[in-house]
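Here's the structure we're looking at; comments come further down.
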Amino acid sequence: MPRGDLYPDIAPFETGYLPLSGGHRMYFEQVGNPSGHPVLFLHGGPGAGAGAVHRRFFDPHFWRVIIFDQRGAGRSTPLGSIEDNTTPHLVADIELLRTHLGINRWLLFGGSWGSTLALAYAQSHPARVMGAILRGIFLGRAPEVEWFLHGMARVFPEAHAAFAGFLPAHERADLLNNYFRHLTNPDPAIHGPAARAWSVYEGSCSTLLPSFEAVSAFAQDRTAIGLARIEAHYFRHDLFLPEGGLLGHMHKLRDIPGEIIQGRYDMICPAQSAFELAQSWPAARLTMVPDAGHSALEPGIRLALVAALERAKALG
């Protein structure tokens, strides 16, 4: 997939770990201009982790980019741990990171579950947010989880058949809880294949056109174990979101400018959620990309995200 519309590869100018509760250690890195305008990258999943390509969305001369792997994800340790792993824990971790880095206010940039976490954080700490650029909106509601577990079979029947078919026939009536049981089994010979089956299902449905590159990335153990186990854990607990859900608290963001970037044919997080979020957030601008699915790396999504970051330079 050509990515010439992104900035060149760049190495971090700082990396580190912060100790957290429950035995967690959170990886973080800073990229770009140490004196630049701070922007926080929030990865998806929950549990997917961040990668080097995510640095490339940001103009390294203008932005001070902070990237971190959420509890149990990516380079944070222990991988796949669900102990003390809830949305309020992640919101508190973001505040800990902000304080540690001496940042007063920052721009939020997140997609999929990253959009969920960005909204949860902004609603808890609006004074710390100068704006938000969100992609592939997931609001963590029960119908959205149900769509992921069952509804995508309407569009991706082959991928869903492989996902459901991983489990024995007598376990397929309750995909979430039976997958969770396999994913939390301490034996790698049991949880490893289950994690790959879950993660490959998500990767297979994440792009408008089939992408071997996307599926291969989702099949890697570091991605699969964190993504599948933590995602199932969060799905079983309604994403640990507040009473009334995220839309019920959007009044807290009424003065915070936002950009909502949504692929029209996003099958992981269908466009209805992005539309409803925009309706609840008058300060936000909705861009519906007509020829894209879910992935941030699809051409139209990439271009829209880079353009939104250009507009966000005026916020500083």
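Chain labels run A, B, ... following the order of the structure tokens; each chain numbers its residues from 1, and ligands are numbered from 1 in the order shown.
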
Which residues of stretch 47-140 of chain A come within 12 Å of stretch 186-202 of chain A, and for each one, what is the closest pair of atoms and their distance in Å to one decimal, counting only C-alpha atoms, sorted by chain and residue number, as a tab-separated table?
residue	atom	partner	partner_atom	distance
A:Gly47	CA	A:Ser199	CA	10.6
A:Ala48	CA	A:Ser199	CA	9.2
A:Gly80	CA	A:Ala195	CA	10.2
A:Ser81	CA	A:Pro186	CA	11.3
A:Ser112	CA	A:Glu202	CA	11.9

(Q) Among stretch 2-146 of chain A, which residues does DSSP mark as alpha helix (DSSP H) when it is run on the backbone? Keep the chain and numbering as in the structure and answer as a PyMOL selection string. (A) chain A and resi 87-101+113-124+142-146

Q.
Set the distance at 7 Å and use only C-alpha atoms: which residues neighbour A:Asn33 once local chain neighbours fewer than 5 positions away are removed? I'd like the list as a ChimeraX atom specification.
A. /A:60-64

(Q) Report as number ranges by chain all protein, DNA and RNA residues lying within 6 Å of stretch 131-140 of chain A, evaluated on only C-alpha atoms, omitting residues in the same chain fewer than 4 positions from it. (A) A: 107-113, 115-116, 239, 256-262, 269, 274, 294

Write the selection just made, keeping all heavy atoms, as a tab-separated table (two decimals), in the first residue's frame?
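File again39.tsv, as written:
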chain	number	residue	atom	x	y	z
A	107	LEU	N	-3.48	18.04	21.86
A	107	LEU	CA	-4.44	17.58	20.87
A	107	LEU	C	-4.54	16.06	20.98
A	107	LEU	O	-3.53	15.38	21.17
A	107	LEU	CB	-3.95	17.96	19.47
A	107	LEU	CG	-4.78	17.50	18.27
A	107	LEU	CD1	-6.09	18.29	18.19
A	107	LEU	CD2	-3.98	17.66	16.97
A	108	LEU	N	-5.75	15.53	20.88
A	108	LEU	CA	-5.96	14.08	20.89
A	108	LEU	C	-6.15	13.58	19.47
A	108	LEU	O	-6.87	14.20	18.68
A	108	LEU	CB	-7.19	13.73	21.73
A	108	LEU	CG	-7.22	14.25	23.17
A	108	LEU	CD1	-8.50	13.80	23.86
A	108	LEU	CD2	-5.99	13.81	23.96
A	109	PHE	N	-5.53	12.44	19.16
A	109	PHE	CA	-5.60	11.87	17.82
A	109	PHE	C	-5.77	10.36	17.99
A	109	PHE	O	-4.85	9.67	18.45
A	109	PHE	CB	-4.30	12.19	17.06
A	109	PHE	CG	-4.24	11.68	15.64
A	109	PHE	CD1	-4.51	12.53	14.58
A	109	PHE	CD2	-3.89	10.38	15.35
A	109	PHE	CE1	-4.43	12.09	13.25
A	109	PHE	CE2	-3.81	9.92	14.05
A	109	PHE	CZ	-4.09	10.78	12.99
A	110	GLY	N	-6.96	9.85	17.67
A	110	GLY	CA	-7.19	8.43	17.89
A	110	GLY	C	-8.25	7.88	16.97
A	110	GLY	O	-9.14	8.59	16.51
A	111	GLY	N	-8.14	6.58	16.69
A	111	GLY	CA	-9.11	5.93	15.82
A	111	GLY	C	-9.63	4.64	16.41
A	111	GLY	O	-8.96	3.99	17.22
A	112	SER	N	-10.86	4.28	16.03
A	112	SER	CA	-11.50	3.06	16.50
A	112	SER	C	-11.62	3.13	18.02
A	112	SER	O	-12.19	4.09	18.53
A	112	SER	CB	-10.69	1.84	16.01
A	112	SER	OG	-11.43	0.66	16.12
A	113	TRP	N	-11.10	2.14	18.75
A	113	TRP	CA	-11.12	2.26	20.21
A	113	TRP	C	-10.37	3.50	20.67
A	113	TRP	O	-10.69	4.09	21.71
A	113	TRP	CB	-10.51	1.00	20.85
A	113	TRP	CG	-10.07	1.22	22.26
A	113	TRP	CD1	-8.79	1.36	22.71
A	113	TRP	CD2	-10.92	1.37	23.41
A	113	TRP	NE1	-8.79	1.57	24.07
A	113	TRP	CE2	-10.07	1.58	24.53
A	113	TRP	CE3	-12.29	1.33	23.61
A	113	TRP	CZ2	-10.57	1.76	25.82
A	113	TRP	CZ3	-12.79	1.51	24.90
A	113	TRP	CH2	-11.94	1.72	25.98
A	115	SER	N	-10.67	6.36	19.42
A	115	SER	CA	-11.66	7.44	19.46
A	115	SER	C	-12.50	7.34	20.73
A	115	SER	O	-12.85	8.36	21.34
A	115	SER	CB	-12.55	7.40	18.21
A	115	SER	OG	-13.47	6.33	18.23
A	116	THR	N	-12.82	6.12	21.14
A	116	THR	CA	-13.58	5.90	22.38
A	116	THR	C	-12.81	6.45	23.57
A	116	THR	O	-13.35	7.20	24.40
A	116	THR	CB	-13.82	4.39	22.59
A	116	THR	OG1	-14.06	3.74	21.37
A	116	THR	CG2	-14.98	4.15	23.54
A	239	LEU	N	-17.36	-2.10	27.88
A	239	LEU	CA	-16.26	-1.17	27.65
A	239	LEU	C	-15.95	-0.28	28.86
A	239	LEU	O	-15.20	0.70	28.74
A	239	LEU	CB	-16.50	-0.30	26.41
A	239	LEU	CG	-16.33	-0.96	25.04
A	239	LEU	CD1	-14.92	-1.49	24.82
A	239	LEU	CD2	-17.37	-2.01	24.74
A	256	ILE	N	-14.83	22.29	22.69
A	256	ILE	CA	-13.61	21.67	22.18
A	256	ILE	C	-13.79	21.35	20.70
A	256	ILE	O	-14.71	20.61	20.34
A	256	ILE	CB	-13.29	20.39	22.97
A	256	ILE	CG1	-12.98	20.73	24.43
A	256	ILE	CG2	-12.11	19.64	22.33
A	256	ILE	CD1	-12.75	19.53	25.30
A	257	PRO	N	-12.96	21.91	19.83
A	257	PRO	CA	-13.11	21.62	18.39
A	257	PRO	C	-12.71	20.19	18.08
A	257	PRO	O	-11.79	19.63	18.69
A	257	PRO	CB	-12.17	22.63	17.73
A	257	PRO	CG	-11.17	22.98	18.79
A	257	PRO	CD	-11.89	22.87	20.09
A	258	GLY	N	-13.41	19.59	17.11
A	258	GLY	CA	-13.13	18.21	16.75
A	258	GLY	C	-13.19	17.99	15.25
A	258	GLY	O	-13.82	18.74	14.51
A	259	GLU	N	-12.50	16.95	14.82
A	259	GLU	CA	-12.56	16.45	13.46
A	259	GLU	C	-12.94	14.97	13.55
A	259	GLU	O	-12.32	14.21	14.30
A	259	GLU	CB	-11.20	16.59	12.76
A	259	GLU	CG	-10.72	18.00	12.58
A	259	GLU	CD	-11.01	18.55	11.19
A	259	GLU	OE1	-11.71	17.87	10.40
A	259	GLU	OE2	-10.52	19.66	10.91
A	260	ILE	N	-13.95	14.57	12.79
A	260	ILE	CA	-14.39	13.17	12.75
A	260	ILE	C	-14.17	12.66	11.34
A	260	ILE	O	-14.77	13.17	10.39
A	260	ILE	CB	-15.86	13.05	13.15
A	260	ILE	CG1	-16.11	13.61	14.55
A	260	ILE	CG2	-16.33	11.60	13.06
A	260	ILE	CD1	-17.58	13.79	14.90
A	261	ILE	N	-13.29	11.69	11.19
A	261	ILE	CA	-12.96	11.11	9.88
A	261	ILE	C	-13.53	9.69	9.85
A	261	ILE	O	-13.19	8.87	10.70
A	261	ILE	CB	-11.44	11.05	9.65
A	261	ILE	CG1	-10.76	12.38	10.01
A	261	ILE	CG2	-11.14	10.62	8.23
A	261	ILE	CD1	-11.17	13.55	9.20
A	262	GLN	N	-14.38	9.42	8.88
A	262	GLN	CA	-15.09	8.14	8.86
A	262	GLN	C	-15.12	7.55	7.46
A	262	GLN	O	-15.50	8.23	6.50
A	262	GLN	CB	-16.53	8.32	9.35
A	262	GLN	CG	-17.36	7.06	9.38
A	262	GLN	CD	-16.92	6.07	10.45
A	262	GLN	OE1	-16.49	6.48	11.53
A	262	GLN	NE2	-17.03	4.79	10.16
A	269	CYS	N	-16.50	-0.46	12.43
A	269	CYS	CA	-17.22	0.60	13.16
A	269	CYS	C	-18.10	1.34	12.16
A	269	CYS	O	-17.68	2.36	11.60
A	269	CYS	CB	-16.25	1.56	13.85
A	269	CYS	SG	-15.15	0.79	15.04
A	274	ALA	N	-20.39	7.55	13.81
A	274	ALA	CA	-19.74	8.82	13.50
A	274	ALA	C	-20.77	9.91	13.27
A	274	ALA	O	-20.61	11.06	13.73
A	274	ALA	CB	-18.85	8.66	12.28
A	294	HIS	N	-12.26	0.74	7.30
A	294	HIS	CA	-11.93	1.11	8.68
A	294	HIS	C	-10.50	1.57	8.86
A	294	HIS	O	-10.23	2.45	9.68
A	294	HIS	CB	-12.21	-0.09	9.59
A	294	HIS	CG	-11.96	0.17	11.05
A	294	HIS	ND1	-12.74	1.03	11.79
A	294	HIS	CD2	-11.01	-0.31	11.89
A	294	HIS	CE1	-12.30	1.06	13.04
A	294	HIS	NE2	-11.24	0.26	13.13

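Taking only C-alpha atoms, the non-local environment of A:Met267 within 7 Å (same-chain residues fewer than 2 positions away omitted) comprises Met152, Cys205, Ser206, Tyr265, Cys269, Pro270, Gly293 and His294 of chain A.
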
Q: Find the distance between atom CA of A:Val306 and atom CA of A:Gly114 and write it in Å to one decimal.
A: 16.8 Å

Q. So which residues touch A:Gly165 within 12 Å, counting only C-alpha atoms, skipping near sequence neighbours fewer than 4 positions away, as a PyMOL selection string?
A. chain A and resi 157-161+169-173+175+179+194+197-198+201

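Pairwise distance (atom CA of A:Val65, atom CA of A:Asp255) equals 23.3 Å.
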
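Using only C-alpha atoms, the nearest neighbour of A:Gln220 within the list A:Ser273, A:Pro8, A:Gly49, A:Pro34 is A:Gly49.
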
Report the residues of stretch 132-210 of chain A whose backbone DSSP state falls under strand (DSSP E or B), written as a PDB file with N, CA and C atoms, in the first residue's frame.
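Wrote part15.pdb, looks like this:
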ATOM      1  N   ALA A 132      -9.567  17.518  19.158  1.00  0.00           N
ATOM      2  CA  ALA A 132      -9.506  16.078  18.943  1.00  0.00           C
ATOM      3  C   ALA A 132      -9.717  15.759  17.469  1.00  0.00           C
ATOM      4  N   ILE A 133      -8.903  14.848  16.955  1.00  0.00           N
ATOM      5  CA  ILE A 133      -9.077  14.299  15.611  1.00  0.00           C
ATOM      6  C   ILE A 133      -9.336  12.812  15.778  1.00  0.00           C
ATOM      7  N   LEU A 134     -10.549  12.388  15.422  1.00  0.00           N
ATOM      8  CA  LEU A 134     -10.987  11.023  15.698  1.00  0.00           C
ATOM      9  C   LEU A 134     -11.385  10.332  14.400  1.00  0.00           C
ATOM     10  N   ARG A 135     -11.070   9.037  14.311  1.00  0.00           N
ATOM     11  CA  ARG A 135     -11.290   8.283  13.077  1.00  0.00           C
ATOM     12  C   ARG A 135     -11.965   6.943  13.388  1.00  0.00           C
TER      13      ARG A 135
END

**Q.** Shell of 12 Å around A:Gly22, only C-alpha atoms, local chain residues under 2 positions omitted, as a PyMOL selection string
**A.** chain A and resi 19-20+24-26+71-72+77-78+81-86+89

For those residues, write all heavy atoms to a file as a CSV table (one decimal), in the first residue's frame.
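Saved result, selection_22.csv, follows:
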chain,number,residue,atom,x,y,z
A,19,PRO,N,5.7,3.0,35.6
A,19,PRO,CA,5.1,1.9,36.4
A,19,PRO,C,3.6,2.3,36.8
A,19,PRO,O,3.4,3.4,37.1
A,19,PRO,CB,6.0,1.9,37.7
A,19,PRO,CG,6.6,3.2,37.8
A,19,PRO,CD,6.7,3.7,36.4
A,20,LEU,N,2.7,1.3,36.7
A,20,LEU,CA,1.3,1.5,36.9
A,20,LEU,C,0.8,0.5,37.9
A,20,LEU,O,1.6,-0.4,38.4
A,20,LEU,CB,0.5,1.4,35.6
A,20,LEU,CG,1.0,2.2,34.4
A,20,LEU,CD1,0.2,1.8,33.2
A,20,LEU,CD2,0.8,3.7,34.7
A,24,HIS,N,1.5,-3.4,35.9
A,24,HIS,CA,1.7,-2.9,34.6
A,24,HIS,C,2.8,-1.9,34.5
A,24,HIS,O,3.1,-1.2,35.4
A,24,HIS,CB,0.4,-2.2,34.1
A,24,HIS,CG,-0.8,-3.1,33.9
A,24,HIS,ND1,-1.0,-3.8,32.7
A,24,HIS,CD2,-1.8,-3.4,34.7
A,24,HIS,CE1,-2.1,-4.5,32.8
A,24,HIS,NE2,-2.6,-4.3,34.0
A,25,ARG,N,3.5,-2.0,33.3
A,25,ARG,CA,4.5,-0.9,32.9
A,25,ARG,C,4.1,-0.4,31.6
A,25,ARG,O,3.9,-1.2,30.6
A,25,ARG,CB,5.9,-1.5,32.9
A,25,ARG,CG,6.5,-1.9,34.2
A,25,ARG,CD,7.8,-2.6,34.1
A,25,ARG,NE,8.9,-1.7,33.7
A,25,ARG,CZ,9.6,-1.9,32.5
A,25,ARG,NH1,9.3,-2.8,31.7
A,25,ARG,NH2,10.5,-1.0,32.2
A,26,MET,N,3.9,0.9,31.5
A,26,MET,CA,3.4,1.5,30.2
A,26,MET,C,4.5,2.1,29.4
A,26,MET,O,5.3,3.0,29.9
A,26,MET,CB,2.4,2.6,30.6
A,26,MET,CG,1.8,3.3,29.4
A,26,MET,SD,0.5,4.5,29.9
A,26,MET,CE,1.5,5.8,30.6
A,71,ARG,N,-2.3,-0.3,28.7
A,71,ARG,CA,-2.1,-1.4,29.6
A,71,ARG,C,-2.3,-2.7,28.8
A,71,ARG,O,-3.3,-3.0,28.2
A,71,ARG,CB,-3.0,-1.4,30.7
A,71,ARG,CG,-2.8,-0.3,31.7
A,71,ARG,CD,-3.8,-0.3,32.9
A,71,ARG,NE,-3.4,0.8,33.8
A,71,ARG,CZ,-3.3,0.7,35.1
A,71,ARG,NH1,-3.5,-0.5,35.7
A,71,ARG,NH2,-3.0,1.7,35.8
A,72,GLY,N,-1.3,-3.6,28.9
A,72,GLY,CA,-1.4,-4.9,28.3
A,72,GLY,C,-1.2,-5.0,26.8
A,72,GLY,O,-1.2,-6.1,26.2
A,77,THR,N,4.0,-3.9,29.4
A,77,THR,CA,4.1,-5.2,30.0
A,77,THR,C,3.2,-5.3,31.3
A,77,THR,O,3.0,-4.3,31.9
A,77,THR,CB,5.5,-5.6,30.3
A,77,THR,OG1,6.0,-4.6,31.3
A,77,THR,CG2,6.4,-5.5,29.1
A,78,PRO,N,2.7,-6.5,31.6
A,78,PRO,CA,2.8,-7.7,30.8
A,78,PRO,C,1.8,-7.7,29.7
A,78,PRO,O,0.7,-7.2,29.8
A,78,PRO,CB,2.5,-8.8,31.9
A,78,PRO,CG,1.7,-8.1,32.9
A,78,PRO,CD,2.1,-6.7,32.9
A,81,SER,N,-2.3,-8.5,29.7
A,81,SER,CA,-2.8,-8.5,31.1
A,81,SER,C,-4.1,-7.7,31.2
A,81,SER,O,-4.2,-6.6,30.8
A,81,SER,CB,-1.8,-7.9,32.1
A,81,SER,OG,-2.4,-7.9,33.4
A,82,ILE,N,-5.1,-8.4,31.8
A,82,ILE,CA,-6.4,-7.7,32.0
A,82,ILE,C,-6.6,-7.3,33.5
A,82,ILE,O,-7.7,-6.8,33.9
A,82,ILE,CB,-7.6,-8.6,31.6
A,82,ILE,CG1,-7.6,-9.9,32.3
A,82,ILE,CG2,-7.5,-8.7,30.0
A,82,ILE,CD1,-8.8,-10.8,31.9
A,83,GLU,N,-5.6,-7.5,34.3
A,83,GLU,CA,-5.7,-7.1,35.7
A,83,GLU,C,-5.6,-5.5,35.8
A,83,GLU,O,-4.8,-4.9,35.1
A,83,GLU,CB,-4.6,-7.7,36.6
A,83,GLU,CG,-4.6,-7.3,38.0
A,83,GLU,CD,-3.5,-8.0,38.9
A,83,GLU,OE1,-2.8,-8.8,38.3
A,83,GLU,OE2,-3.4,-7.6,40.0
A,84,ASP,N,-6.5,-4.9,36.6
A,84,ASP,CA,-6.5,-3.5,36.7
A,84,ASP,C,-6.5,-2.8,35.3
A,84,ASP,O,-5.8,-1.9,35.0
A,84,ASP,CB,-5.3,-3.0,37.5
A,84,ASP,CG,-5.5,-3.1,39.0
A,84,ASP,OD1,-6.5,-3.7,39.4
A,84,ASP,OD2,-4.6,-2.7,39.7
A,85,ASN,N,-7.4,-3.4,34.4
A,85,ASN,CA,-7.4,-2.9,33.0
A,85,ASN,C,-8.8,-2.5,32.7
A,85,ASN,O,-9.6,-3.4,32.3
A,85,ASN,CB,-6.8,-3.9,32.1
A,85,ASN,CG,-6.4,-3.3,30.8
A,85,ASN,OD1,-6.9,-2.3,30.3
A,85,ASN,ND2,-5.5,-4.0,30.1
A,86,THR,N,-9.1,-1.2,32.9
A,86,THR,CA,-10.5,-0.7,32.6
A,86,THR,C,-10.3,0.7,31.9
A,86,THR,O,-9.2,1.2,32.0
A,86,THR,CB,-11.3,-0.6,33.9
A,86,THR,OG1,-10.8,0.5,34.7
A,86,THR,CG2,-11.4,-1.9,34.7
A,89,HIS,N,-9.0,3.2,34.4
A,89,HIS,CA,-7.5,3.0,34.5
A,89,HIS,C,-6.8,3.7,33.4
A,89,HIS,O,-5.7,4.4,33.6
A,89,HIS,CB,-7.2,1.6,34.6
A,89,HIS,CG,-7.4,0.9,35.9
A,89,HIS,ND1,-8.4,0.0,36.1
A,89,HIS,CD2,-6.8,1.0,37.1
A,89,HIS,CE1,-8.4,-0.4,37.3
A,89,HIS,NE2,-7.5,0.2,38.0

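The interatomic distance for the pair atom CA of A:Gly32 and atom CA of A:Arg302 works out to 18.7 Å.
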
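Nearest residue to A:His237, choosing from A:Asn104, A:Ser216, A:Asn177, A:Ser35 and counting only C-alpha atoms: A:Asn177.
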
Q | Pick from A:Leu97, A:Ala164, A:Ala314, A:Ile268, whichever lies nearest to A:Ser204 using only C-alpha atoms | A | A:Ile268
